[in-house]
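Engineer: Following this line is input.txt, made up of compact mmCIF, C-alpha atoms:
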```txt
# COMPACT_ATOMS: atom_id res chain seq x y z
CA MET A 189 45.91 8.90 -0.46
CA GLU A 190 42.52 10.50 0.24
CA VAL A 191 41.37 10.07 3.80
CA ARG A 192 37.62 10.09 4.34
CA ASN A 193 35.97 10.90 7.67
CA GLU A 194 33.71 7.86 8.08
CA THR A 195 31.84 7.72 11.38
CA THR A 196 29.07 5.48 12.60
CA THR A 197 25.77 7.21 11.92
CA GLN A 198 23.61 7.46 15.03
CA GLU A 199 20.65 9.28 13.49
CA PHE A 200 19.25 10.95 10.40
CA ILE A 201 17.16 14.09 10.01
CA LEU A 202 13.91 13.85 8.04
CA GLU A 203 13.55 17.17 6.26
CA GLY A 204 9.85 16.88 5.44
CA PHE A 205 8.35 19.83 3.56
CA PRO A 206 10.27 23.00 4.54
CA ALA A 207 8.57 25.09 1.81
CA ILE A 208 5.13 24.65 3.42
CA GLN A 209 6.15 24.46 7.09
CA ALA A 210 4.27 27.71 7.79
CA LEU A 211 1.06 25.81 6.99
CA GLY A 212 2.15 22.81 9.05
CA ASN A 213 -0.82 22.91 11.45
CA ILE A 214 -3.32 22.81 8.58
CA PHE A 215 -1.52 19.93 6.85
CA PHE A 216 -1.25 18.15 10.20
CA LEU A 217 -5.02 18.27 10.64
CA ILE A 218 -5.75 17.20 7.04
CA HIS A 219 -3.37 14.26 7.16
CA LEU A 220 -4.48 13.23 10.66
CA LEU A 221 -8.12 13.07 9.53
CA ALA A 222 -7.13 11.17 6.36
CA TYR A 223 -5.04 8.72 8.42
CA LEU A 224 -7.85 8.09 10.93
CA ALA A 225 -10.38 7.65 8.12
CA SER A 226 -8.09 5.17 6.32
CA ILE A 227 -7.43 3.15 9.48
CA THR A 228 -11.12 3.15 10.42
CA GLY A 229 -12.23 2.04 6.96
CA ASN A 230 -9.67 -0.75 6.76
CA VAL A 231 -10.33 -1.97 10.32
CA VAL A 232 -14.07 -2.08 9.58
CA ILE A 233 -13.32 -4.25 6.52
CA ILE A 234 -11.14 -6.62 8.58
CA ILE A 235 -13.67 -6.96 11.43
CA ILE A 236 -16.76 -7.35 9.25
CA THR A 237 -15.02 -9.99 7.10
CA TRP A 238 -14.11 -12.17 10.06
CA VAL A 239 -17.35 -11.63 12.00
CA ASP A 240 -19.84 -12.24 9.18
CA HIS A 241 -19.64 -15.81 7.84
CA ARG A 242 -21.18 -14.68 4.50
CA LEU A 243 -18.03 -12.67 3.77
CA GLN A 244 -15.58 -15.48 4.59
CA THR A 245 -14.92 -16.14 0.92
CA PRO A 246 -11.62 -15.86 -1.02
CA MET A 247 -12.51 -12.40 -2.35
CA TYR A 248 -13.11 -10.90 1.09
CA ILE A 249 -10.26 -12.80 2.74
CA LEU A 250 -7.95 -11.23 0.17
CA LEU A 251 -9.52 -7.82 0.82
CA SER A 252 -9.11 -8.13 4.58
CA THR A 253 -5.46 -9.14 4.14
CA PHE A 254 -5.03 -6.17 1.81
CA SER A 255 -6.61 -3.89 4.45
CA PHE A 256 -4.33 -5.27 7.19
CA SER A 257 -1.24 -4.69 5.01
CA GLU A 258 -2.39 -1.17 4.18
CA CYS A 259 -2.89 -0.33 7.87
CA CYS A 260 0.67 -1.49 8.60
CA PHE A 261 1.99 0.31 5.51
CA ILE A 262 0.61 3.75 6.38
CA THR A 263 1.23 3.37 10.13
CA SER A 264 4.94 2.85 9.43
CA VAL A 265 5.14 6.40 8.03
CA ILE A 266 2.17 8.65 8.85
CA PRO A 267 2.80 9.18 12.63
CA LYS A 268 6.29 10.52 11.85
CA LEU A 269 4.89 12.62 9.00
CA LEU A 270 2.35 14.17 11.40
CA SER A 271 5.10 15.13 13.84
CA ILE A 272 7.04 16.72 10.95
CA PHE A 273 4.01 18.83 9.96
CA LEU A 274 3.54 19.86 13.60
CA LEU A 275 7.14 20.42 14.72
CA GLY A 276 9.27 20.68 11.58
CA ARG A 277 12.18 18.45 10.60
CA GLN A 278 12.53 15.42 12.83
CA ALA A 279 15.46 13.32 14.00
CA ILE A 280 15.15 9.56 13.54
CA SER A 281 17.64 7.05 14.94
CA PHE A 282 19.55 4.72 12.65
CA THR A 283 17.64 1.71 14.04
CA ALA A 284 14.25 3.42 13.73
CA CYS A 285 15.11 4.44 10.17
CA LEU A 286 16.02 0.83 9.35
CA ILE A 287 12.74 -0.45 10.83
CA GLN A 288 10.69 2.18 8.99
CA ALA A 289 12.39 1.47 5.66
CA PHE A 290 11.83 -2.28 6.04
CA SER A 291 8.17 -1.90 7.13
CA PHE A 292 7.41 0.59 4.36
CA PHE A 293 8.89 -1.55 1.58
CA PHE A 294 7.79 -4.92 3.00
CA PHE A 295 4.11 -4.03 3.36
CA GLY A 296 4.22 -1.93 0.18
CA SER A 297 5.46 -4.97 -1.76
CA ILE A 298 2.77 -7.17 -0.21
CA ILE A 299 0.13 -4.65 -1.28
CA PHE A 300 1.29 -4.79 -4.90
CA PHE A 301 1.47 -8.60 -4.90
CA LEU A 302 -2.02 -8.74 -3.33
CA MET A 303 -3.38 -6.38 -5.98
CA ALA A 304 -2.18 -8.81 -8.63
CA VAL A 305 -3.78 -11.73 -6.77
CA MET A 306 -7.04 -9.79 -6.29
CA SER A 307 -7.08 -9.00 -10.01
CA LEU A 308 -6.71 -12.70 -10.80
CA ASP A 309 -9.52 -13.47 -8.34
CA ARG A 310 -11.82 -11.00 -10.14
CA TYR A 311 -10.72 -12.40 -13.52
CA VAL A 312 -11.70 -15.95 -12.52
CA ALA A 313 -14.97 -14.78 -10.93
CA ILE A 314 -16.07 -12.75 -13.97
CA CYS A 315 -14.52 -14.61 -16.90
CA LYS A 316 -14.74 -18.20 -15.58
CA PRO A 317 -17.62 -18.12 -13.07
CA LEU A 318 -18.41 -21.85 -13.31
CA HIS A 319 -14.82 -22.77 -12.37
CA TYR A 320 -14.47 -20.13 -9.63
CA PRO A 321 -15.42 -22.36 -6.64
CA THR A 322 -12.88 -25.02 -7.64
CA ILE A 323 -10.07 -22.64 -8.66
CA MET A 324 -10.36 -20.06 -5.86
CA ASN A 325 -11.03 -22.34 -2.91
CA PRO A 326 -9.89 -21.47 0.66
CA LYS A 327 -6.71 -23.54 0.30
CA THR A 328 -5.67 -21.72 -2.90
CA CYS A 329 -6.48 -18.39 -1.27
CA PHE A 330 -4.32 -19.22 1.76
CA LEU A 331 -1.43 -20.33 -0.47
CA LEU A 332 -1.61 -17.14 -2.56
CA VAL A 333 -1.61 -14.90 0.53
CA THR A 334 1.29 -16.87 2.01
CA ALA A 335 3.18 -16.57 -1.29
CA CYS A 336 2.79 -12.77 -1.22
CA PHE A 337 4.38 -12.55 2.25
CA ALA A 338 7.01 -15.22 1.52
CA LEU A 339 8.11 -13.51 -1.71
CA ALA A 340 8.22 -10.00 -0.25
CA PHE A 341 10.24 -10.88 2.86
CA PRO A 342 13.54 -12.08 1.29
CA LEU A 343 13.42 -9.47 -1.49
CA ILE A 344 12.96 -6.53 0.87
CA THR A 345 15.20 -7.87 3.65
CA GLY A 346 18.11 -8.28 1.24
CA LEU A 347 17.62 -4.82 -0.26
CA VAL A 348 17.24 -2.96 3.05
CA VAL A 349 20.24 -4.74 4.62
CA LYS A 350 22.33 -3.89 1.54
CA VAL A 351 21.44 -0.18 1.82
CA PHE A 352 22.07 0.06 5.56
CA GLN A 353 25.48 -1.59 5.18
CA LEU A 354 26.63 1.50 3.27
CA SER A 355 28.82 4.14 4.96
CA PHE A 356 27.20 7.48 5.79
CA CYS A 357 29.73 10.25 6.33
CA GLY A 358 27.38 13.26 6.36
CA PRO A 359 25.35 15.28 5.83
CA HIS A 360 22.63 13.17 7.44
CA VAL A 361 19.62 15.19 6.29
CA ILE A 362 17.21 13.02 4.27
CA PRO A 363 15.30 15.22 1.77
CA HIS A 364 12.08 13.30 2.40
CA PHE A 365 9.46 12.68 5.09
CA LEU A 366 10.41 8.98 5.43
CA CYS A 367 13.47 6.74 5.26
CA ASP A 368 13.11 5.98 1.57
CA LEU A 369 15.98 4.00 0.07
CA GLY A 370 16.66 6.38 -2.85
CA PRO A 371 17.55 9.39 -0.66
CA LEU A 372 19.49 7.13 1.75
CA ILE A 373 21.61 5.74 -1.09
CA HIS A 374 22.22 9.32 -2.26
CA LEU A 375 23.55 10.26 1.22
CA SER A 376 26.10 7.44 1.30
CA CYS A 377 29.80 8.09 0.79
CA SER A 378 30.37 4.47 -0.35
CA ASP A 379 30.34 3.20 -3.91
CA THR A 380 26.60 2.85 -4.44
CA SER A 381 26.47 1.64 -8.04
CA SER A 382 25.70 -2.01 -7.18
CA THR A 383 23.19 -0.98 -4.48
CA GLU A 384 21.40 1.39 -6.86
CA MET A 385 21.18 -1.32 -9.51
CA LEU A 386 19.87 -3.87 -6.97
CA ALA A 387 17.21 -1.38 -5.78
CA PHE A 388 16.21 -0.64 -9.37
CA VAL A 389 15.98 -4.32 -10.35
CA LEU A 390 14.00 -5.42 -7.28
CA THR A 391 11.54 -2.51 -7.26
CA SER A 392 11.06 -2.88 -11.03
CA PHE A 393 10.44 -6.61 -10.62
CA ILE A 394 7.83 -6.05 -7.89
CA LEU A 395 6.02 -3.23 -9.68
CA LEU A 396 6.17 -4.56 -13.24
CA THR A 397 5.24 -8.14 -12.29
CA SER A 398 2.19 -6.90 -10.42
CA LEU A 399 1.33 -4.39 -13.16
CA ILE A 400 1.54 -6.98 -15.98
CA ILE A 401 -0.64 -9.50 -14.12
CA THR A 402 -3.18 -6.80 -13.20
CA THR A 403 -3.26 -5.40 -16.75
CA ILE A 404 -3.81 -8.83 -18.34
CA ALA A 405 -6.53 -9.71 -15.81
CA TYR A 406 -8.45 -6.44 -16.24
CA SER A 407 -8.07 -6.53 -20.03
CA ASN A 408 -9.82 -9.90 -20.06
CA ILE A 409 -12.44 -8.59 -17.63
CA VAL A 410 -13.19 -5.63 -19.92
CA VAL A 411 -13.52 -7.95 -22.93
CA THR A 412 -15.94 -10.16 -20.98
CA ILE A 413 -17.99 -7.13 -19.87
CA LEU A 414 -18.28 -5.93 -23.48
CA ARG A 415 -19.88 -9.27 -24.35
CA LEU A 416 -22.65 -8.88 -21.76
CA PRO A 417 -26.07 -8.69 -23.46
CA SER A 418 -27.63 -6.17 -21.08
CA ALA A 419 -26.66 -2.48 -21.30
CA LYS A 420 -27.53 -2.07 -17.60
CA GLU A 421 -25.18 -4.91 -16.63
CA LYS A 422 -22.42 -3.39 -18.75
CA GLN A 423 -22.87 0.01 -17.10
CA ARG A 424 -22.79 -1.45 -13.58
CA ALA A 425 -19.73 -3.60 -14.33
CA PHE A 426 -17.85 -0.71 -15.97
CA SER A 427 -18.69 1.55 -13.03
CA THR A 428 -17.06 -0.92 -10.64
CA CYS A 429 -14.06 -1.56 -12.92
CA SER A 430 -13.42 2.12 -13.58
CA SER A 431 -13.26 2.88 -9.84
CA HIS A 432 -10.83 -0.02 -9.33
CA LEU A 433 -8.70 1.12 -12.26
CA LEU A 434 -8.60 4.69 -10.91
CA VAL A 435 -6.97 3.55 -7.65
CA LEU A 436 -4.67 1.12 -9.46
CA SER A 437 -3.50 3.82 -11.89
CA LEU A 438 -2.76 6.22 -9.00
CA MET A 439 -0.70 3.62 -7.15
CA TYR A 440 1.20 2.26 -10.11
CA SER A 441 1.92 5.64 -11.75
CA SER A 442 3.22 7.25 -8.54
CA CYS A 443 5.44 4.25 -7.68
CA MET A 444 6.73 3.89 -11.24
CA PHE A 445 7.62 7.59 -11.19
CA ILE A 446 9.56 7.18 -7.93
CA TYR A 447 11.29 3.83 -8.31
CA VAL A 448 11.54 2.62 -11.90
CA LYS A 449 14.55 4.71 -12.79
CA PRO A 450 18.19 3.80 -12.03
CA LYS A 451 19.30 7.36 -11.16
CA GLN A 452 16.93 9.32 -8.96
CA THR A 453 19.11 12.12 -7.62
CA ASN A 454 17.66 14.77 -9.93
CA ARG A 455 14.09 14.38 -8.73
CA LEU A 456 14.24 13.64 -5.01
CA ASP A 457 12.07 16.69 -4.27
CA SER A 458 9.25 15.60 -6.57
CA ASN A 459 9.41 12.07 -5.09
CA ARG A 460 8.00 13.47 -1.85
CA GLU A 461 4.78 14.61 -3.50
CA ALA A 462 4.42 11.33 -5.40
CA ALA A 463 4.96 9.36 -2.18
CA LEU A 464 2.17 11.33 -0.48
CA VAL A 465 -0.26 9.93 -3.08
CA ASN A 466 0.51 6.39 -1.88
CA MET A 467 0.57 7.38 1.78
CA VAL A 468 -2.61 9.46 1.93
CA VAL A 469 -4.78 9.43 -1.20
CA THR A 470 -4.98 5.77 -2.21
CA PRO A 471 -5.30 4.38 1.37
CA LEU A 472 -8.25 6.76 1.80
CA LEU A 473 -9.88 5.62 -1.45
CA ASN A 474 -9.22 1.88 -1.20
CA PRO A 475 -11.75 0.99 1.55
CA VAL A 476 -14.46 2.90 -0.32
CA ILE A 477 -13.59 1.65 -3.81
CA TYR A 478 -12.93 -2.00 -3.05
CA THR A 479 -15.47 -2.84 -0.39
CA LEU A 480 -17.68 -0.18 1.17
CA TRP A 481 -19.60 0.29 -2.11
CA ASN A 482 -20.33 -3.44 -2.10
CA LYS A 483 -23.93 -4.50 -1.39
CA GLN A 484 -22.84 -7.58 0.59
CA VAL A 485 -20.70 -5.43 2.87
CA HIS A 486 -23.53 -2.92 3.29
CA GLN A 487 -25.85 -5.74 4.35
CA ALA A 488 -23.24 -7.17 6.73
CA LEU A 489 -22.73 -3.73 8.31
CA ARG A 490 -26.49 -3.23 8.70
CA ASP A 491 -26.81 -6.66 10.35
CA ALA A 492 -23.90 -5.90 12.69
CA LEU A 493 -25.41 -2.55 13.70
CA SER A 494 -28.79 -4.22 14.26
CA ARG A 495 -27.17 -6.80 16.55
CA LEU A 496 -25.44 -4.03 18.51
CA ARG A 497 -28.73 -2.14 18.97
CA LEU A 498 -30.44 -5.30 20.17
CA GLN A 499 -27.62 -5.96 22.64
CA LYS A 500 -27.87 -2.40 23.99
CA GLN A 501 -31.64 -2.75 24.39
CA SER A 502 -31.24 -6.07 26.24
CA PHE A 503 -28.63 -4.55 28.58
CA GLY A 504 -30.88 -1.55 29.21
CA ARG A 505 -33.72 -3.71 30.50
```
As structure tokens, please, write out the structure in this file.
Structural biologist:
Amino acid sequence: MEVRNETTTQEFILEGFPAIQALGNIFFLIHLLAYLASITGNVVIIIITWVDHRLQTPMYILLSTFSFSECCFITSVIPKLLSIFLLGRQAISFTACLIQAFSFFFFGSIIFFLMAVMSLDRYVAICKPLHYPTIMNPKTCFLLVTACFALAFPLITGLVVKVFQLSFCGPHVIPHFLCDLGPLIHLSCSDTSSTEMLAFVLTSFILLTSLIITTIAYSNIVVTILRLPSAKEKQRAFSTCSSHLLVLSLMYSSCMFIYVKPKQTNRLDSNREAALVNMVVTPLLNPVIYTLWNKQVHQALRDALSRLRLQKQSFGR
């Protein structure tokens, strides 16, 4: 009978990017600036939405919820990534790894569900403008946001608990910069076939459901835009849609590359680069693409800055 040395795992080692560790200080600075810019942009969106009554509409409530989820999503990973760039491979306790994996997948799932909901919101606003106030009222918006959180929680909780119930006999080096479930499953000395299939089914369900809804919504939006009589209106609408679709394509393509494949052991290295797109590039683009190019937000920001200047002047007297 084969005897296996199974011990309780106390910690894992996040390998990070050993090939570029010599340039760690440069990458630390780049990613720190990108992280601060992403957090700042998303926090500005959240504050301005809840301070300015003109932006307290379903569209901006969804955007502020999206920004909150994105802040939580990147904060679950980026601080550890920065320490890896600065100091090299980092130890992470079993509990911390569990929390990071749950936070990463939970808020990541919410982001994809919210993108589908936001696409539907834009579809109703552009394709059925007369029905928009009755369809997308505050109650519907609240129910849709609640549904995103309520659907993500049991799906991700079940998956993460299933993975962390596996036995880890060593080595405990995760070939990644975060506690992603694919590399963790690969490290297990248990039979992982059912866990791999569960991870594949759930991640495919989350990504494909969101992708199908988003694709149908934007296809109808494009058809509606093509019917606009004015060439100037078409150009403005396509400019907005193309920027949205750029971010969506980056997010969906990188996640499909990482997760929508039952066996991932042959491409764990390339998963790191694809994950960086979701961790750094799209969170940096999203505040600009979705909101900060918006005239209403520009006006709200100008009004807020004007109020601040007036308050400073009144205090100075």
Engineer: So, counting all atoms listed in the file, which residue among A:Asn459, A:Pro317, A:Ile394, A:Phe294 is closest to Ser442 (chain A)?
Structural biologist: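 For Ser442 (chain A), the nearest of the given residues is A:Asn459.
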Engineer: Considering only C-alpha atoms, can you say which of A:Ile280, A:Ser407, A:Thr253, A:Leu390 comes closest to Thr334 (chain A)?
Structural biologist: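 Once distances to Thr334 (chain A) are computed over only C-alpha atoms, the minimum belongs to A:Thr253.
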Engineer: Residues of region 385-494 of chain A that approach region 212-227 of chain A to 12 Å or less, counting all atoms listed in the file: could you list each one with the shortest pair of atoms and its distance in Å to one decimal, rows by chain and increasing residue number, as a Markdown table?
Structural biologist:
```
| residue | atom | partner | partner_atom | distance |
| --- | --- | --- | --- | --- |
| A:Leu464 | CA | A:His219 | CA | 9.9 |
| A:Val465 | CA | A:His219 | CA | 11.5 |
| A:Asn466 | CA | A:Tyr223 | CA | 11.9 |
| A:Met467 | CA | A:Tyr223 | CA | 8.8 |
| A:Val468 | CA | A:Ala222 | CA | 6.6 |
| A:Val469 | CA | A:Ala222 | CA | 8.1 |
| A:Thr470 | CA | A:Ser226 | CA | 9.1 |
| A:Pro471 | CA | A:Ser226 | CA | 5.7 |
| A:Leu472 | CA | A:Ser226 | CA | 4.8 |
| A:Leu473 | CA | A:Ser226 | CA | 8.0 |
| A:Asn474 | CA | A:Ser226 | CA | 8.3 |
| A:Pro475 | CA | A:Ser226 | CA | 7.3 |
| A:Val476 | CA | A:Ser226 | CA | 9.5 |
```
Engineer: Any chance you can output those residues with C-alpha atoms as a PDB file, keeping the file's coordinate frame?
Structural biologist:
```
ATOM      1  CA  LEU A 464       2.170  11.330  -0.480  1.00  0.00           C
ATOM      2  CA  VAL A 465      -0.260   9.930  -3.080  1.00  0.00           C
ATOM      3  CA  ASN A 466       0.510   6.390  -1.880  1.00  0.00           C
ATOM      4  CA  MET A 467       0.570   7.380   1.780  1.00  0.00           C
ATOM      5  CA  VAL A 468      -2.610   9.460   1.930  1.00  0.00           C
ATOM      6  CA  VAL A 469      -4.780   9.430  -1.200  1.00  0.00           C
ATOM      7  CA  THR A 470      -4.980   5.770  -2.210  1.00  0.00           C
ATOM      8  CA  PRO A 471      -5.300   4.380   1.370  1.00  0.00           C
ATOM      9  CA  LEU A 472      -8.250   6.760   1.800  1.00  0.00           C
ATOM     10  CA  LEU A 473      -9.880   5.620  -1.450  1.00  0.00           C
ATOM     11  CA  ASN A 474      -9.220   1.880  -1.200  1.00  0.00           C
ATOM     12  CA  PRO A 475     -11.750   0.990   1.550  1.00  0.00           C
ATOM     13  CA  VAL A 476     -14.460   2.900  -0.320  1.00  0.00           C
TER      14      VAL A 476
END
```
Engineer: For each of A:Ser281, A:Phe445, A:Gly296, A:Ser381, take the minimum atom-to-atom distance to Phe261 (chain A), counting only C-alpha atoms, then give the residue where this is smallest.
Structural biologist: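 Among the listed residues, A:Gly296 lies closest to Phe261 (chain A).
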Engineer: Have a look at A:Tyr406, A:Phe295, A:Phe356, A:Phe256 and name the one nearest to Thr380 (chain A); count all atoms listed in the file.
Structural biologist: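 When distances to Thr380 (chain A) are compared using all atoms listed in the file, the smallest one comes from A:Phe356.
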Engineer: Which residue is closest to Ile235 (chain A)? Choose from A:Glu199, A:Thr283, A:Ser376, A:Leu489 and count only C-alpha atoms.
Structural biologist: A:Leu489
Engineer: Using only C-alpha atoms, can you tell me which of A:Phe273, A:Tyr311, A:Tyr248, A:Phe393 comes closest to Phe365 (chain A)?
Structural biologist: A:Phe273
